[in-house]
Amino acid sequence: MNFDLDDDQRDIAAGARDFFTGSASPAAARGGLEGGRPEPGRKALADIGFLGITVPEAAGGSGRPLLDLAVVAEQGGAVLAGPSLVTAARAAVLLADQPELAAQLADGSVAFAVLDGPVDGSSPSVDAADATLFLGLDGGDLVVGEGEVVPGRPLDATRGLASVRLTSRRVLVADAGELWARARQVGAVVMAAEDLGGAERCVQLGVAYAQEREAFGRRIGSYQAVKHMLVDAWAGVDQLRSLVWWSAWAADAAPAELPLAASAAKAHAATAFERAAGTLIQVHGGIGFTWEHDAHLFWRRAKVDRLLLGDEAEHLDAVARLAVAGALGR
Amino acid sequence: MDFDDSPDEAAYRERVRTLLAEHAGELLHLAPGQEGVDARRHEAEMRRTQRVLAEGGLVGVTWPREYGGQGGTLVQQAIVAQELARARVPGLINHIGIGMCGPTVIAHGSQDQRDRYLARLLRADDVWCQLFSEPASGSDLAALRTTAVRDGEDWVVNGQKVWTTLAHVADFGILLTRTDPDRPKHAGLTMFVVDMHAPGVTVRPLRQMGGQSDFNEVFFDDVRIPDAERLGEPGEGWRVALTTLMNERVAIGGAGGDIGLPVEALVEHARERLPALDPDRQVLARQAVGRAVVAALAARYTGYRRLTVLSQGGIPGPEASAGKLAGTEAARLVADAGVRLLGDDAVYAATADGDDRWQRTQSWLPGIAIAGGTDQVLRNILGERVLGLPPEPRSDKTAPFSGGTR
């Protein structure tokens, strides 16, 4: 039993933290709501190698396990970075046997998005707003093509959500249902990792404020009503970390455990991040409800992410079905 | 990162399995569907079971060798617990002695006390209990009122303890008393080992809300305890008690063990019961099962993280409180989902064929949310010691206990 990051992964996390805090911020997420671009942006993510972490070395990537990508994604989530590493992780699975496209994913020369729902009019899909080449499931086949992009008015601008209608398509893999499902599970793990980073940041900000803000003659963090709210948010984050690590580890080391682990992580992420972001606003009182404060930017991300790649109800149902079918794991 | 046994751990696990198989005939085993044993009714078999396990080196795994333990690791301890569960051997009768009383005697007892008590405790020759809570001091343990007054070479104890698990079968207990009411509440306490068979000790079972009687109230009327049975110095009782309480939180849920019925039992139950529900109810029941499974796995894997830290030489920190808090919540969700799966039978205390384990577990969990630190006390500990939030102002820490500010 060794359920902890190793030294390499700790170094990766520290490097990612430095990179993301220097290149992205909640302020940029706020700017996105007023027409700005997501930061650090695709090129910067490609240049530092984050888009290719799980792309095979032969295709110009690092060929690393998903857990490495997850610890990086957590750091991106803490500053609401965009575009999402969900797209990189998911596309890397889908393009496992497409070295040329995988190379373009890793070096950032092509802006990919993975479409959810029908390719003739997709559901709102992550990072589709700025993408130029789309991967989708069309009649059971994995297809790639260009498309007409219809962005909506974003609740969270950092997710680059848009609906897409493919205008061209080429079959990459016939009968790709299993590959598609695995890619979506991997995407769910990485989104849970980004949510972990965002949720942990919410707790940190809430705790810091509760340590200094005073009311009725003492610091508000001394009141049990405030303290217990923050503890519950922290406990949710602490548990989410366990599920994110387990599911990311399982993707490479125990693939049979991935479906249940990924659904468990995504379901737990939905509520843990929502609770942490809601708590952050509540602890701050009125100031937490303003446009200028960062709290609503985390809250927006939480409200959007909980619905993407399957909501809590879908994943709880999947966990129950998989467990009953005998996939509970260790 | 991996979840496998190391070669050493695998060898240890194999040794444990072999031992349990070889001695299967001498050990108590749970029947299918049974999840616990009543110490009141099966005291002799439970004592025998622990003695056999102790002779095989499976009791006091983490205790130092010089006190009869195995000098082993917390991971080995976890392996023993897993293998006992796998072999359907019920929890040890002396679990409070092993988890809490023994470590307190090791840390604060005299060599004479260690020699007299520890080996017998491990073999369940003596069963131990922990006499802390009182009618007027639960979460606020330091407000206790049971007095011990020095009289020659003895102390004379008067008062009442309550919620004392195993007192009805116990031979010894660790007893927290007030020896100096004129000092502030935490400073006037002293800990003793008390002989539960001594004159003046009266044990009365308490019936819990679920109908069982696992714990007791204990009355002390002029009970004489020799000064040699003191644990730690007079007035140092609070510090001694903290040793016990720290060990308690690790023992309950700190390392990811399931509280209540294991989630595997719920999954098996769902496999049998889901098809009998109508389709609309199945959808709702799967939500409840899924939520319970996620909560249980989240608690379990978080326990694995703690266990990893401990196995690398870390010391149990206040995070152990989070394990108990999360484990209790998961256990509630598991029990609730188990009850819901019963369909129309859910409103009865048992199904038509007499299975009452889901309702019984459901009615037992409110106690778990109170025992060993209430959910609210645990949140205070986590808030103050993990998150670094300020404590609530208190007026009871410095004034003399006898002054009325309690």
# chains A, B, ... in the order shown; residues from 1 in each chain; ligands from 1
$ select_by_dssp --residues "stretch 35-269 of chain A" --states "strand (DSSP E or B)" --output "ChimeraX atom specification"
/A:40,82,112-114,125,133-138,141-145,147-151,162-166,170-173,214-215,218-219
$ write_last_selection --atoms "N, CA and C atoms" --output "JSON list (two decimals), in the first residue's frame"
[["chain", "number", "residue", "atom", "x", "y", "z"],
["A", 40, "PRO", "N", -4.03, 30.34, -19.37],
["A", 40, "PRO", "CA", -2.89, 30.81, -20.18],
["A", 40, "PRO", "C", -3.09, 30.65, -21.69],
["A", 82, "GLY", "N", -7.69, 28.13, -18.53],
["A", 82, "GLY", "CA", -8.35, 27.63, -19.73],
["A", 82, "GLY", "C", -7.36, 27.68, -20.89],
["A", 112, "PHE", "N", -8.11, 21.41, -30.98],
["A", 112, "PHE", "CA", -9.11, 20.35, -30.97],
["A", 112, "PHE", "C", -10.20, 20.63, -29.93],
["A", 113, "ALA", "N", -11.38, 20.09, -30.21],
["A", 113, "ALA", "CA", -12.40, 19.95, -29.16],
["A", 113, "ALA", "C", -13.08, 18.61, -29.36],
["A", 114, "VAL", "N", -13.56, 18.05, -28.28],
["A", 114, "VAL", "CA", -14.30, 16.78, -28.34],
["A", 114, "VAL", "C", -15.77, 17.11, -28.12],
["A", 125, "SER", "N", -20.09, 21.91, -25.64],
["A", 125, "SER", "CA", -18.90, 21.08, -25.49],
["A", 125, "SER", "C", -17.71, 21.93, -25.07],
["A", 133, "LEU", "N", -10.86, 21.98, -35.11],
["A", 133, "LEU", "CA", -11.02, 20.59, -35.54],
["A", 133, "LEU", "C", -11.69, 19.81, -34.41],
["A", 134, "PHE", "N", -12.69, 19.01, -34.82],
["A", 134, "PHE", "CA", -13.56, 18.41, -33.80],
["A", 134, "PHE", "C", -13.55, 16.89, -33.90],
["A", 135, "LEU", "N", -13.59, 16.26, -32.73],
["A", 135, "LEU", "CA", -13.72, 14.81, -32.64],
["A", 135, "LEU", "C", -15.12, 14.51, -32.11],
["A", 136, "GLY", "N", -15.78, 13.56, -32.76],
["A", 136, "GLY", "CA", -17.13, 13.24, -32.30],
["A", 136, "GLY", "C", -17.45, 11.78, -32.56],
["A", 137, "LEU", "N", -18.57, 11.34, -31.97],
["A", 137, "LEU", "CA", -19.03, 9.97, -32.19],
["A", 137, "LEU", "C", -20.23, 10.05, -33.12],
["A", 138, "ASP", "N", -20.11, 9.41, -34.27],
["A", 138, "ASP", "CA", -21.14, 9.51, -35.31],
["A", 138, "ASP", "C", -21.56, 8.09, -35.69],
["A", 141, "ASP", "N", -19.06, 5.46, -34.84],
["A", 141, "ASP", "CA", -17.70, 5.64, -35.34],
["A", 141, "ASP", "C", -17.08, 6.93, -34.78],
["A", 142, "LEU", "N", -15.78, 6.87, -34.55],
["A", 142, "LEU", "CA", -15.07, 8.09, -34.18],
["A", 142, "LEU", "C", -14.76, 8.87, -35.45],
["A", 143, "VAL", "N", -15.23, 10.12, -35.50],
["A", 143, "VAL", "CA", -14.98, 10.94, -36.69],
["A", 143, "VAL", "C", -14.23, 12.20, -36.30],
["A", 144, "VAL", "N", -13.53, 12.77, -37.29],
["A", 144, "VAL", "CA", -12.88, 14.06, -37.12],
["A", 144, "VAL", "C", -13.37, 14.95, -38.26],
["A", 145, "GLY", "N", -13.54, 16.23, -37.95],
["A", 145, "GLY", "CA", -14.00, 17.11, -39.02],
["A", 145, "GLY", "C", -14.00, 18.56, -38.57],
["A", 147, "GLY", "N", -16.20, 22.27, -38.46],
["A", 147, "GLY", "CA", -17.59, 22.49, -38.10],
["A", 147, "GLY", "C", -17.95, 23.95, -37.94],
["A", 148, "GLU", "N", -19.25, 24.14, -37.85],
["A", 148, "GLU", "CA", -19.80, 25.47, -37.63],
["A", 148, "GLU", "C", -20.05, 25.61, -36.13],
["A", 149, "VAL", "N", -19.47, 26.63, -35.56],
["A", 149, "VAL", "CA", -19.48, 26.78, -34.10],
["A", 149, "VAL", "C", -20.53, 27.80, -33.68],
["A", 150, "VAL", "N", -21.39, 27.42, -32.75],
["A", 150, "VAL", "CA", -22.40, 28.34, -32.22],
["A", 150, "VAL", "C", -22.19, 28.50, -30.72],
["A", 151, "PRO", "N", -21.40, 29.53, -30.33],
["A", 151, "PRO", "CA", -21.20, 29.72, -28.89],
["A", 151, "PRO", "C", -22.46, 30.25, -28.22],
["A", 162, "ALA", "N", -19.47, 25.68, -26.54],
["A", 162, "ALA", "CA", -20.19, 26.00, -27.77],
["A", 162, "ALA", "C", -20.81, 24.73, -28.31],
["A", 163, "SER", "N", -21.87, 24.92, -29.10],
["A", 163, "SER", "CA", -22.44, 23.80, -29.84],
["A", 163, "SER", "C", -21.85, 23.82, -31.24],
["A", 164, "VAL", "N", -21.71, 22.64, -31.82],
["A", 164, "VAL", "CA", -21.02, 22.54, -33.11],
["A", 164, "VAL", "C", -21.83, 21.64, -34.04],
["A", 165, "ARG", "N", -21.89, 22.06, -35.32],
["A", 165, "ARG", "CA", -22.44, 21.18, -36.36],
["A", 165, "ARG", "C", -21.30, 20.88, -37.32],
["A", 166, "LEU", "N", -20.96, 19.61, -37.42],
["A", 166, "LEU", "CA", -19.83, 19.26, -38.30],
["A", 166, "LEU", "C", -20.20, 19.56, -39.76],
["A", 170, "ARG", "N", -14.55, 12.66, -41.31],
["A", 170, "ARG", "CA", -13.77, 11.54, -41.78],
["A", 170, "ARG", "C", -13.73, 10.52, -40.64],
["A", 171, "VAL", "N", -13.97, 9.25, -40.98],
["A", 171, "VAL", "CA", -13.97, 8.23, -39.93],
["A", 171, "VAL", "C", -12.52, 7.90, -39.55],
["A", 172, "LEU", "N", -12.23, 8.02, -38.24],
["A", 172, "LEU", "CA", -10.89, 7.65, -37.75],
["A", 172, "LEU", "C", -10.89, 6.21, -37.25],
["A", 173, "VAL", "N", -11.92, 5.85, -36.49],
["A", 173, "VAL", "CA", -12.02, 4.50, -35.94],
["A", 173, "VAL", "C", -13.47, 4.05, -36.07],
["A", 214, "GLU", "N", -13.72, 40.27, 11.54],
["A", 214, "GLU", "CA", -14.30, 40.25, 12.88],
["A", 214, "GLU", "C", -15.76, 40.68, 12.85],
["A", 215, "ALA", "N", -16.56, 40.06, 13.72],
["A", 215, "ALA", "CA", -17.95, 40.46, 13.91],
["A", 215, "ALA", "C", -18.35, 40.14, 15.33],
["A", 218, "ARG", "N", -15.36, 39.36, 17.74],
["A", 218, "ARG", "CA", -14.33, 38.33, 17.56],
["A", 218, "ARG", "C", -14.28, 37.85, 16.10],
["A", 219, "ARG", "N", -13.23, 37.12, 15.80],
["A", 219, "ARG", "CA", -13.04, 36.65, 14.43],
["A", 219, "ARG", "C", -14.13, 35.62, 14.08]]
$ interface_residues --of "chain B" --to "chain A" --cutoff "8 Å" --atoms "only C-alpha atoms" --output "JSON, numbers by chain"
{"B": [1, 2, 3, 4, 5, 6, 264, 267, 268, 270, 271, 283, 286, 287, 289, 290, 291, 293, 294, 297, 298, 299, 301, 302, 304, 305, 308, 322, 326, 376, 379, 380, 382, 383, 387, 389, 390, 391, 392, 393]}
$ select_by_dssp --residues "stretch 192-381 of chain B" --states "alpha helix (DSSP H)" --output "compact mmCIF listing (two decimals) with C-alpha atoms, in the first residue's frame"
# COMPACT_ATOMS: atom_id res chain seq x y z
CA GLY B 237 -5.13 13.19 34.66
CA TRP B 238 -6.07 15.35 31.71
CA ARG B 239 -2.75 14.78 30.01
CA VAL B 240 -3.12 11.04 30.61
CA ALA B 241 -6.66 11.10 29.22
CA LEU B 242 -5.45 12.80 26.04
CA THR B 243 -3.25 9.76 25.37
CA THR B 244 -6.34 7.60 25.59
CA LEU B 245 -8.45 9.88 23.40
CA MET B 246 -5.81 10.20 20.69
CA ASN B 247 -5.61 6.43 20.49
CA GLU B 248 -9.40 6.25 20.40
CA ARG B 249 -9.76 8.41 17.29
CA VAL B 250 -7.19 6.34 15.46
CA ALA B 251 -9.00 3.20 16.58
CA VAL B 263 -20.37 -1.22 1.56
CA GLU B 264 -19.92 -4.65 0.01
CA ALA B 265 -22.90 -5.83 2.07
CA LEU B 266 -25.01 -3.02 0.59
CA VAL B 267 -23.96 -3.92 -2.95
CA GLU B 268 -24.84 -7.55 -2.40
CA HIS B 269 -28.16 -6.54 -0.87
CA ALA B 270 -28.86 -4.29 -3.88
CA ARG B 271 -28.06 -7.12 -6.26
CA GLU B 272 -30.75 -9.23 -4.59
CA ARG B 273 -33.32 -6.54 -3.92
CA PRO B 279 -38.87 0.34 -12.27
CA ASP B 280 -39.50 3.87 -10.98
CA ARG B 281 -38.36 2.86 -7.52
CA GLN B 282 -35.28 1.19 -8.96
CA VAL B 283 -34.12 4.50 -10.39
CA LEU B 284 -34.43 6.17 -7.00
CA ALA B 285 -32.89 3.25 -5.16
CA ARG B 286 -29.88 3.28 -7.49
CA GLN B 287 -29.34 6.96 -6.67
CA ALA B 288 -29.31 6.09 -2.98
CA VAL B 289 -27.00 3.12 -3.51
CA GLY B 290 -24.67 5.12 -5.76
CA ARG B 291 -24.46 7.94 -3.22
CA ALA B 292 -23.69 5.51 -0.42
CA VAL B 293 -21.04 3.69 -2.44
CA VAL B 294 -19.31 6.95 -3.39
CA ALA B 295 -19.32 8.15 0.22
CA ALA B 296 -18.00 4.81 1.47
CA LEU B 297 -15.25 4.64 -1.15
CA ALA B 298 -14.28 8.26 -0.54
CA ALA B 299 -13.91 7.51 3.18
CA ARG B 300 -12.07 4.25 2.49
CA TYR B 301 -9.55 5.69 0.04
CA THR B 302 -8.97 8.71 2.27
CA GLY B 303 -8.18 6.19 5.00
CA TYR B 304 -5.67 4.55 2.66
CA ARG B 305 -3.95 7.94 2.31
CA ARG B 306 -3.74 8.29 6.09
CA LEU B 307 -2.47 4.74 6.41
CA THR B 308 0.23 5.48 3.85
CA VAL B 309 1.39 8.48 5.87
CA LEU B 310 1.44 6.40 9.06
CA SER B 311 3.29 3.57 7.35
CA ALA B 320 -7.97 11.12 12.06
CA SER B 321 -11.06 12.99 13.26
CA ALA B 322 -12.05 13.48 9.62
CA GLY B 323 -11.95 9.71 9.12
CA LYS B 324 -14.46 9.14 11.88
CA LEU B 325 -16.68 11.99 10.68
CA ALA B 326 -16.71 10.78 7.07
CA GLY B 327 -17.03 7.14 8.04
CA THR B 328 -20.08 7.90 10.16
CA GLU B 329 -21.75 9.81 7.35
CA ALA B 330 -20.98 7.05 4.85
CA ALA B 331 -22.33 4.44 7.26
CA ARG B 332 -25.58 6.39 7.54
CA LEU B 333 -25.96 6.54 3.78
CA VAL B 334 -25.17 2.83 3.46
CA ALA B 335 -27.69 1.88 6.15
CA ASP B 336 -30.35 4.19 4.71
CA ALA B 337 -29.92 2.79 1.21
CA GLY B 338 -30.07 -0.72 2.66
CA VAL B 339 -33.37 0.06 4.37
CA ARG B 340 -34.86 1.68 1.27
CA ARG B 357 -29.56 -6.00 10.09
CA TRP B 358 -30.37 -2.84 8.09
CA GLN B 359 -32.85 -1.47 10.59
CA ARG B 360 -30.57 -2.48 13.45
CA THR B 361 -27.60 -0.72 11.90
CA GLN B 362 -29.74 2.32 11.21
CA SER B 363 -30.76 2.51 14.87
CA TRP B 364 -27.18 2.04 16.07
CA LEU B 365 -25.52 4.80 14.04
CA PRO B 366 -26.88 7.80 16.00
CA GLY B 367 -24.71 6.50 18.85
CA ILE B 368 -21.63 6.36 16.66
CA ASP B 375 -19.68 15.06 14.92
CA GLN B 376 -19.70 18.63 16.23
CA VAL B 377 -16.68 18.21 18.52
CA LEU B 378 -14.79 16.61 15.64
CA ARG B 379 -15.62 19.60 13.42
CA ASN B 380 -14.25 21.92 16.10
CA ILE B 381 -11.03 19.89 16.26
$ closest_residue --among "B:Asp171, B:Glu43, B:Asp278, B:Glu153" --to "B:Ala228" --atoms "only C-alpha atoms"
B:Glu153
$ residues_around --residues "B:Arg183" --least-positions-apart "6" --cutoff "9 Å" --atoms "only C-alpha atoms" --output "list in words"
Gly235, Thr398, Ala399, Pro400, Phe401 and Ser402 of chain B
$ atom_distance --atom1 "atom CA of B:Arg145" --atom2 "atom CA of B:Thr177"
7.1 Å
$ decode --residues "stretch 202-224 of chain B" --atoms "N, CA and C atoms" --output "short mmCIF file (atom, residue, chain, number, x, y, z; two decimals), in the first residue's frame"
data_model
loop_
_atom_site.label_atom_id
_atom_site.label_comp_id
_atom_site.auth_asym_id
_atom_site.auth_seq_id
_atom_site.Cartn_x
_atom_site.Cartn_y
_atom_site.Cartn_z
N THR B 202 -20.71 -0.76 41.27
CA THR B 202 -21.98 -1.35 40.81
C THR B 202 -22.16 -1.03 39.33
N VAL B 203 -22.40 -2.07 38.55
CA VAL B 203 -22.58 -1.88 37.10
C VAL B 203 -24.02 -2.17 36.74
N ARG B 204 -24.63 -1.23 36.05
CA ARG B 204 -26.02 -1.46 35.59
C ARG B 204 -26.10 -1.25 34.09
N PRO B 205 -26.63 -2.22 33.35
CA PRO B 205 -26.72 -2.05 31.90
C PRO B 205 -27.70 -0.94 31.52
N LEU B 206 -27.39 -0.26 30.44
CA LEU B 206 -28.31 0.73 29.88
C LEU B 206 -28.87 0.16 28.59
N ARG B 207 -30.12 0.40 28.34
CA ARG B 207 -30.71 -0.10 27.11
C ARG B 207 -30.69 1.03 26.09
N GLN B 208 -30.14 0.74 24.92
CA GLN B 208 -30.01 1.77 23.89
C GLN B 208 -31.31 1.89 23.09
N MET B 209 -31.39 2.96 22.26
CA MET B 209 -32.61 3.21 21.50
C MET B 209 -32.96 2.05 20.59
N GLY B 210 -31.98 1.30 20.15
CA GLY B 210 -32.26 0.16 19.26
C GLY B 210 -32.65 -1.10 20.02
N GLY B 211 -32.61 -1.04 21.33
CA GLY B 211 -33.04 -2.18 22.13
C GLY B 211 -31.90 -2.97 22.73
N GLN B 212 -30.69 -2.86 22.18
CA GLN B 212 -29.56 -3.62 22.70
C GLN B 212 -29.00 -2.97 23.96
N SER B 213 -28.14 -3.71 24.64
CA SER B 213 -27.45 -3.16 25.81
C SER B 213 -25.96 -3.40 25.67
N ASP B 214 -25.28 -2.49 25.00
CA ASP B 214 -23.83 -2.61 24.83
C ASP B 214 -23.08 -1.86 25.91
N PHE B 215 -23.75 -0.87 26.50
CA PHE B 215 -23.02 -0.11 27.50
C PHE B 215 -23.80 0.03 28.80
N ASN B 216 -23.17 0.69 29.76
CA ASN B 216 -23.63 0.60 31.14
C ASN B 216 -23.45 1.93 31.87
N GLU B 217 -24.11 2.00 33.05
CA GLU B 217 -23.72 3.03 34.00
C GLU B 217 -23.02 2.35 35.16
N VAL B 218 -22.05 3.05 35.71
CA VAL B 218 -21.21 2.45 36.75
C VAL B 218 -21.19 3.40 37.95
N PHE B 219 -21.53 2.87 39.12
CA PHE B 219 -21.58 3.67 40.35
C PHE B 219 -20.41 3.31 41.25
N PHE B 220 -19.81 4.34 41.82
CA PHE B 220 -18.69 4.14 42.76
C PHE B 220 -19.10 4.68 44.13
N ASP B 221 -19.19 3.78 45.09
CA ASP B 221 -19.56 4.17 46.45
C ASP B 221 -18.44 3.79 47.41
N ASP B 222 -17.67 4.81 47.80
CA ASP B 222 -16.53 4.59 48.71
C ASP B 222 -15.62 3.46 48.23
N VAL B 223 -15.33 3.45 46.98
CA VAL B 223 -14.43 2.44 46.41
C VAL B 223 -12.99 2.82 46.73
N ARG B 224 -12.25 1.90 47.31
CA ARG B 224 -10.87 2.19 47.70
C ARG B 224 -9.91 1.71 46.61
#
